[in-house]
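Beneath this line is the structure, given in structure tokens, with notes to follow.
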Amino acid sequence: MRRPPFPRRRRWRALIVLGVAVLAAWLLLGAWASRQARAVDVVAVALGHPGWLVWAVDHTTPTPHSAQRVIAGAHATVVTPAGKGPWPALVFVNGATAQGRFEPHVVRLGLGLARAGFLVVVPDLPGLRKGQITLRTVDALAGVASAVAHDPHARGGRVGFLGVSVGASLALLAAERPALAGQLSAVAGLAPYTNLKGMVRLATTGVYERDGRLVRYHTGPFLALALARSLVAGLPPSPARDALQAAVLGISDNASDPLAQMRRDAPAGLGGPAGAAVALIENRDPSRFDALWAALPASLRAAARNLSPLYAARRLRFPVYLATSPHDEYFPSSQSRALAARAPDASLIVTSTLSHVLPEPSPGNIGALVHFEDFAVSALQALDACGTAAGCPR
């Protein structure tokens, strides 16, 4: 999901303070500081700020190699550290961005992770650039992960996942696949959704369920468009489905009210499954949602459940690290809390330093940034340490 731009000056100042603190700690605390510095390096390179720290990382770590490949049928960027390997391997899953693996923050993050010693694969998955998430998207990701785990350059025959926004949800879903059992090291994710039905309710009616009651919550308009595209893509094949899909794909990603445009542009007189989907998507009344959801085809409701990481979270029998904002622009923190409560080995931080999926530090909130940096240290350590066949120490 996209985010509004954030103040660069505050971010720059905060990262300077944190960078100086880490450099001082390096001199005093040795190995512990090395792990902290690696996390700061990754975050700084991904953000591209502050410039002096990015320059220092570029000039003190070997330059990685980046190449374009096709892995398990998916076009992907593969970034490898300098040297011969093998390396701890991870698949990075970006959010719904039109540029996909070529989005600048995604490119920089891949380079930063490779400089930190990881073999990084960033695939383009079916539908993800448009926010159109289906079971085919998850199938493709699981295939890529299995192929990476079997790559001779992947240390220990294992692979980890790192995902952001809906990419984190896809990483969790792929990690729950029994076919990947024994091949996974850890999963780290920022601001995922975990219950797709709950997100459709939120996107269409402006409320979500928390502790048995409906709560108002404001989200960005792209959420409604992405979920509409995903629901329509999951309908049984028919000419009506094809016409409706053309209509929702034709709506701009930047539309201020995409559902209003859909009401205007959707083909008239739709019935059957396509008509049921339109009725649900256009509804604004929370009291009507459950009945409209029940009117969807059983296959679509089953697919929505299978696209919800929450329901199979107990299969995540390896370290899971999640972070989210207390007031995320798209997915309420309760989505991450619910999954963390079910997964056997999950940890969660809720930090105000995140603006959806990117740190937005400020001089007055250094504590939150340090908390996030601790999360990054732990996640990277798990993704690294679990890359051997010896086990997954926390």
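In the structure tokens, chains take letters A, B, ... by order of appearance, with residues numbered from 1 within each chain and ligands from 1 in the order shown.
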(request) Would you return as a ChimeraX atom specification the members of stretch 108-178 of chain A that DSSP assigns to strand (DSSP E or B) on this structure's backbone? (result) /A:119-123,154-164
Within 8 Å of A:Leu316, counting only C-alpha atoms, which residues show up once you throw out same-chain ones fewer than 3 positions away? Write them as a PDB file with C-alpha atoms, in the first residue's frame, please.
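Output (out21.pdb):
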```
ATOM      1  CA  ALA A 175       4.677 -19.813   5.297  1.00  0.00           C
ATOM      2  CA  GLU A 176       1.552 -21.671   6.435  1.00  0.00           C
ATOM      3  CA  ALA A 312      -3.910 -21.230   9.998  1.00  0.00           C
ATOM      4  CA  ALA A 313      -1.574 -19.263  12.275  1.00  0.00           C
ATOM      5  CA  PRO A 319       9.915 -17.390  14.808  1.00  0.00           C
ATOM      6  CA  VAL A 320       7.456 -14.770  13.572  1.00  0.00           C
ATOM      7  CA  ALA A 343       0.980 -18.278  16.310  1.00  0.00           C
ATOM      8  CA  PRO A 344       3.097 -20.479  18.620  1.00  0.00           C
ATOM      9  CA  ASP A 345       6.302 -18.425  18.405  1.00  0.00           C
TER      10      ASP A 345
END
```
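Closest approach to A:Asn306 among A:Val166, A:Ala276, A:Ala76, A:Leu196: A:Leu196, based on only C-alpha atoms.
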(request) Could you please determine the separation between atom CA of A:Gly83 and atom CA of A:Pro64 in Å, to one decimal place? (result)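 These atoms are spaced 8.8 Å apart.
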(request) Mind listing the helix (DSSP H, G or I) residues of stretch 197-375 of chain A, per DSSP on the backbone, as number ranges by chain? (result) A: 197-205, 221-233, 239-249, 258-265, 272-282, 286-294, 298-306, 309-315, 333-342, 363-375
(request) Write out as a PyMOL selection string the residues lying within 12 Å of A:Arg315, counting only C-alpha atoms and excluding same-chain residues fewer than 5 positions away. (result) chain A and resi 172-182+184+309-310+320+339+342-346
(request) May I ask which of the residues A:Leu111, A:Ala379, A:Ala303, A:Ala98 is the closest one to A:Ala323, counting only C-alpha atoms? (result)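 Between A:Leu111, A:Ala379, A:Ala303, A:Ala98, the residue approaching A:Ala323 most closely is A:Ala379.
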With only C-alpha atoms as the counted atoms, please give the residues lying no more than 10 Å from stretch 143-146 of chain A, apart from itself and same-chain residues fewer than 6 positions off, as a compact mmCIF listing (two decimals) with all heavy atoms, in the first residue's frame.
```txt
# COMPACT_ATOMS: atom_id res chain seq x y z
N VAL A 70 14.26 -15.48 -13.64
CA VAL A 70 12.93 -16.08 -13.53
C VAL A 70 13.05 -17.25 -12.58
O VAL A 70 13.84 -18.18 -12.82
CB VAL A 70 12.39 -16.53 -14.90
CG1 VAL A 70 11.04 -17.24 -14.72
CG2 VAL A 70 12.24 -15.34 -15.84
N ILE A 71 12.30 -17.21 -11.48
CA ILE A 71 12.36 -18.25 -10.45
C ILE A 71 10.97 -18.83 -10.28
O ILE A 71 10.03 -18.11 -9.96
CB ILE A 71 12.88 -17.69 -9.12
CG1 ILE A 71 14.29 -17.11 -9.30
CG2 ILE A 71 12.89 -18.77 -8.04
CD1 ILE A 71 14.87 -16.49 -8.05
N ALA A 72 10.85 -20.12 -10.51
CA ALA A 72 9.57 -20.82 -10.40
C ALA A 72 8.48 -20.09 -11.19
O ALA A 72 7.34 -19.97 -10.74
CB ALA A 72 9.16 -20.96 -8.93
N GLY A 73 8.85 -19.59 -12.35
CA GLY A 73 7.91 -18.93 -13.23
C GLY A 73 7.67 -17.47 -12.95
O GLY A 73 6.93 -16.80 -13.69
N ALA A 74 8.28 -16.92 -11.91
CA ALA A 74 8.08 -15.51 -11.55
C ALA A 74 9.33 -14.70 -11.86
O ALA A 74 10.45 -15.13 -11.54
CB ALA A 74 7.74 -15.38 -10.07
N HIS A 75 9.15 -13.54 -12.49
CA HIS A 75 10.27 -12.63 -12.68
C HIS A 75 10.70 -12.09 -11.31
O HIS A 75 9.85 -11.72 -10.49
CB HIS A 75 9.88 -11.49 -13.60
CG HIS A 75 9.65 -11.93 -15.02
ND1 HIS A 75 10.67 -12.06 -15.94
CD2 HIS A 75 8.51 -12.30 -15.66
CE1 HIS A 75 10.18 -12.48 -17.08
NE2 HIS A 75 8.87 -12.63 -16.95
N ALA A 76 12.00 -12.05 -11.08
CA ALA A 76 12.49 -11.68 -9.75
C ALA A 76 13.83 -10.98 -9.86
O ALA A 76 14.62 -11.22 -10.77
CB ALA A 76 12.63 -12.92 -8.86
N ALA A 89 19.21 -17.06 3.26
CA ALA A 89 18.38 -16.61 2.14
C ALA A 89 17.04 -16.11 2.64
O ALA A 89 16.48 -16.65 3.60
CB ALA A 89 18.16 -17.76 1.16
N LEU A 90 16.55 -15.08 1.97
CA LEU A 90 15.20 -14.61 2.28
C LEU A 90 14.52 -14.11 1.02
O LEU A 90 15.15 -13.67 0.08
CB LEU A 90 15.21 -13.54 3.37
CG LEU A 90 15.89 -12.19 3.14
CD1 LEU A 90 14.95 -11.22 2.43
CD2 LEU A 90 16.32 -11.58 4.46
N VAL A 91 13.20 -14.23 1.04
CA VAL A 91 12.35 -13.68 -0.02
C VAL A 91 11.68 -12.45 0.54
O VAL A 91 11.02 -12.51 1.58
CB VAL A 91 11.30 -14.71 -0.48
CG1 VAL A 91 10.36 -14.08 -1.51
CG2 VAL A 91 11.97 -15.94 -1.07
N PHE A 92 11.88 -11.32 -0.14
CA PHE A 92 11.22 -10.08 0.28
C PHE A 92 9.96 -9.89 -0.57
O PHE A 92 10.01 -9.97 -1.79
CB PHE A 92 12.14 -8.88 0.11
CG PHE A 92 11.44 -7.58 0.43
CD1 PHE A 92 11.14 -7.25 1.73
CD2 PHE A 92 11.06 -6.72 -0.58
CE1 PHE A 92 10.47 -6.07 2.03
CE2 PHE A 92 10.38 -5.54 -0.31
CZ PHE A 92 10.09 -5.21 1.01
N VAL A 121 15.82 -12.39 -2.60
CA VAL A 121 15.02 -12.57 -3.82
C VAL A 121 13.75 -11.74 -3.69
O VAL A 121 13.03 -11.86 -2.69
CB VAL A 121 14.68 -14.05 -4.05
CG1 VAL A 121 13.75 -14.20 -5.26
CG2 VAL A 121 15.95 -14.87 -4.24
N VAL A 122 13.49 -10.88 -4.68
CA VAL A 122 12.30 -10.03 -4.68
C VAL A 122 11.48 -10.39 -5.92
O VAL A 122 11.80 -9.96 -7.02
CB VAL A 122 12.66 -8.54 -4.70
CG1 VAL A 122 11.41 -7.69 -4.50
CG2 VAL A 122 13.71 -8.21 -3.64
N PRO A 123 10.41 -11.18 -5.77
CA PRO A 123 9.64 -11.60 -6.94
C PRO A 123 8.50 -10.64 -7.27
O PRO A 123 7.97 -9.94 -6.40
CB PRO A 123 9.07 -12.95 -6.50
CG PRO A 123 8.87 -12.79 -5.01
CD PRO A 123 9.97 -11.86 -4.53
N LEU A 125 4.79 -10.91 -8.17
CA LEU A 125 3.77 -11.95 -8.00
C LEU A 125 2.50 -11.57 -8.76
O LEU A 125 2.17 -10.38 -8.87
CB LEU A 125 3.46 -12.14 -6.52
CG LEU A 125 4.66 -12.52 -5.65
CD1 LEU A 125 4.28 -12.53 -4.18
CD2 LEU A 125 5.23 -13.88 -6.06
N GLY A 157 19.72 -24.91 3.32
CA GLY A 157 18.52 -25.35 2.63
C GLY A 157 17.25 -24.74 3.17
O GLY A 157 16.17 -25.32 3.05
N ARG A 158 17.38 -23.54 3.72
CA ARG A 158 16.21 -22.86 4.28
C ARG A 158 16.09 -21.45 3.71
O ARG A 158 17.04 -20.89 3.15
CB ARG A 158 16.30 -22.78 5.80
CG ARG A 158 16.23 -24.13 6.49
CD ARG A 158 15.95 -23.96 7.95
NE ARG A 158 15.96 -25.24 8.65
CZ ARG A 158 15.54 -25.40 9.89
NH1 ARG A 158 15.10 -24.36 10.57
NH2 ARG A 158 15.58 -26.59 10.46
N VAL A 159 14.88 -20.90 3.87
CA VAL A 159 14.61 -19.56 3.39
C VAL A 159 13.70 -18.86 4.39
O VAL A 159 12.88 -19.51 5.06
CB VAL A 159 13.94 -19.61 1.99
CG1 VAL A 159 12.59 -20.32 2.06
CG2 VAL A 159 13.78 -18.22 1.40
N GLY A 160 13.87 -17.57 4.53
CA GLY A 160 12.99 -16.78 5.38
C GLY A 160 12.17 -15.83 4.54
O GLY A 160 12.44 -15.62 3.35
N PHE A 161 11.14 -15.25 5.16
CA PHE A 161 10.29 -14.26 4.50
C PHE A 161 10.42 -12.93 5.22
O PHE A 161 10.43 -12.87 6.46
CB PHE A 161 8.82 -14.67 4.55
CG PHE A 161 8.42 -15.74 3.56
CD1 PHE A 161 7.98 -16.97 3.99
CD2 PHE A 161 8.48 -15.49 2.19
CE1 PHE A 161 7.58 -17.95 3.10
CE2 PHE A 161 8.09 -16.47 1.29
CZ PHE A 161 7.64 -17.70 1.74
N ALA A 171 3.37 -13.32 2.80
CA ALA A 171 4.46 -14.09 3.38
C ALA A 171 3.93 -15.05 4.45
O ALA A 171 4.33 -16.23 4.50
CB ALA A 171 5.51 -13.15 3.97
N ALA A 174 2.00 -17.93 2.68
CA ALA A 174 2.89 -18.91 2.06
C ALA A 174 3.60 -19.74 3.12
O ALA A 174 3.78 -20.95 2.95
CB ALA A 174 3.91 -18.19 1.17
N ALA A 175 3.98 -19.10 4.23
CA ALA A 175 4.68 -19.81 5.30
C ALA A 175 3.80 -20.86 5.95
O ALA A 175 4.31 -21.83 6.54
CB ALA A 175 5.18 -18.82 6.34
N ALA A 179 3.60 -27.61 2.34
CA ALA A 179 4.67 -27.97 1.40
C ALA A 179 5.99 -27.31 1.75
O ALA A 179 7.05 -27.80 1.33
CB ALA A 179 4.26 -27.60 -0.02
N LEU A 180 5.96 -26.21 2.50
CA LEU A 180 7.20 -25.51 2.87
C LEU A 180 7.72 -25.93 4.25
O LEU A 180 8.73 -25.40 4.71
CB LEU A 180 6.98 -24.00 2.84
CG LEU A 180 6.83 -23.36 1.46
CD1 LEU A 180 6.60 -21.86 1.58
CD2 LEU A 180 8.04 -23.64 0.58
N ALA A 181 7.03 -26.83 4.91
CA ALA A 181 7.47 -27.27 6.25
C ALA A 181 8.90 -27.79 6.17
O ALA A 181 9.26 -28.57 5.29
CB ALA A 181 6.54 -28.35 6.77
N GLN A 183 11.48 -26.06 5.46
CA GLN A 183 12.33 -25.24 4.60
C GLN A 183 12.41 -23.79 5.08
O GLN A 183 13.17 -23.01 4.52
CB GLN A 183 11.77 -25.24 3.17
CG GLN A 183 11.73 -26.61 2.51
CD GLN A 183 11.14 -26.56 1.11
OE1 GLN A 183 11.29 -25.58 0.39
NE2 GLN A 183 10.45 -27.63 0.71
N LEU A 184 11.64 -23.44 6.10
CA LEU A 184 11.53 -22.05 6.51
C LEU A 184 12.36 -21.76 7.75
O LEU A 184 12.49 -22.60 8.65
CB LEU A 184 10.08 -21.68 6.78
CG LEU A 184 9.17 -21.75 5.54
CD1 LEU A 184 7.73 -21.48 5.93
CD2 LEU A 184 9.62 -20.74 4.49
```
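By only C-alpha atoms, and with residues fewer than 5 positions from A:Val107 along its chain excluded, the set lying at most 12 Å from it is Val42, Val45, Ala46, Leu47, Gly48, Ser66, Ala67, Ala76, Thr77, Val78, Val79, Phe92, Val93, Asn94, Gln99, Gly100, Arg101, Phe102, Gly112, Leu113, Ala114, Val120, Val121, Val122 and Pro123 of chain A.
Checking A:Asp285, A:Glu373, A:Glu103, A:Asp242 one by one against A:Arg201, counting only C-alpha atoms, you find the shortest gap at A:Asp285.
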(request) Could you check which of A:Leu348, A:Leu162, A:Ala188, A:Val200 is closest to A:Glu282, using only C-alpha atoms? (result)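 Of A:Leu348, A:Leu162, A:Ala188, A:Val200, the one nearest A:Glu282, counting only C-alpha atoms, is A:Val200.
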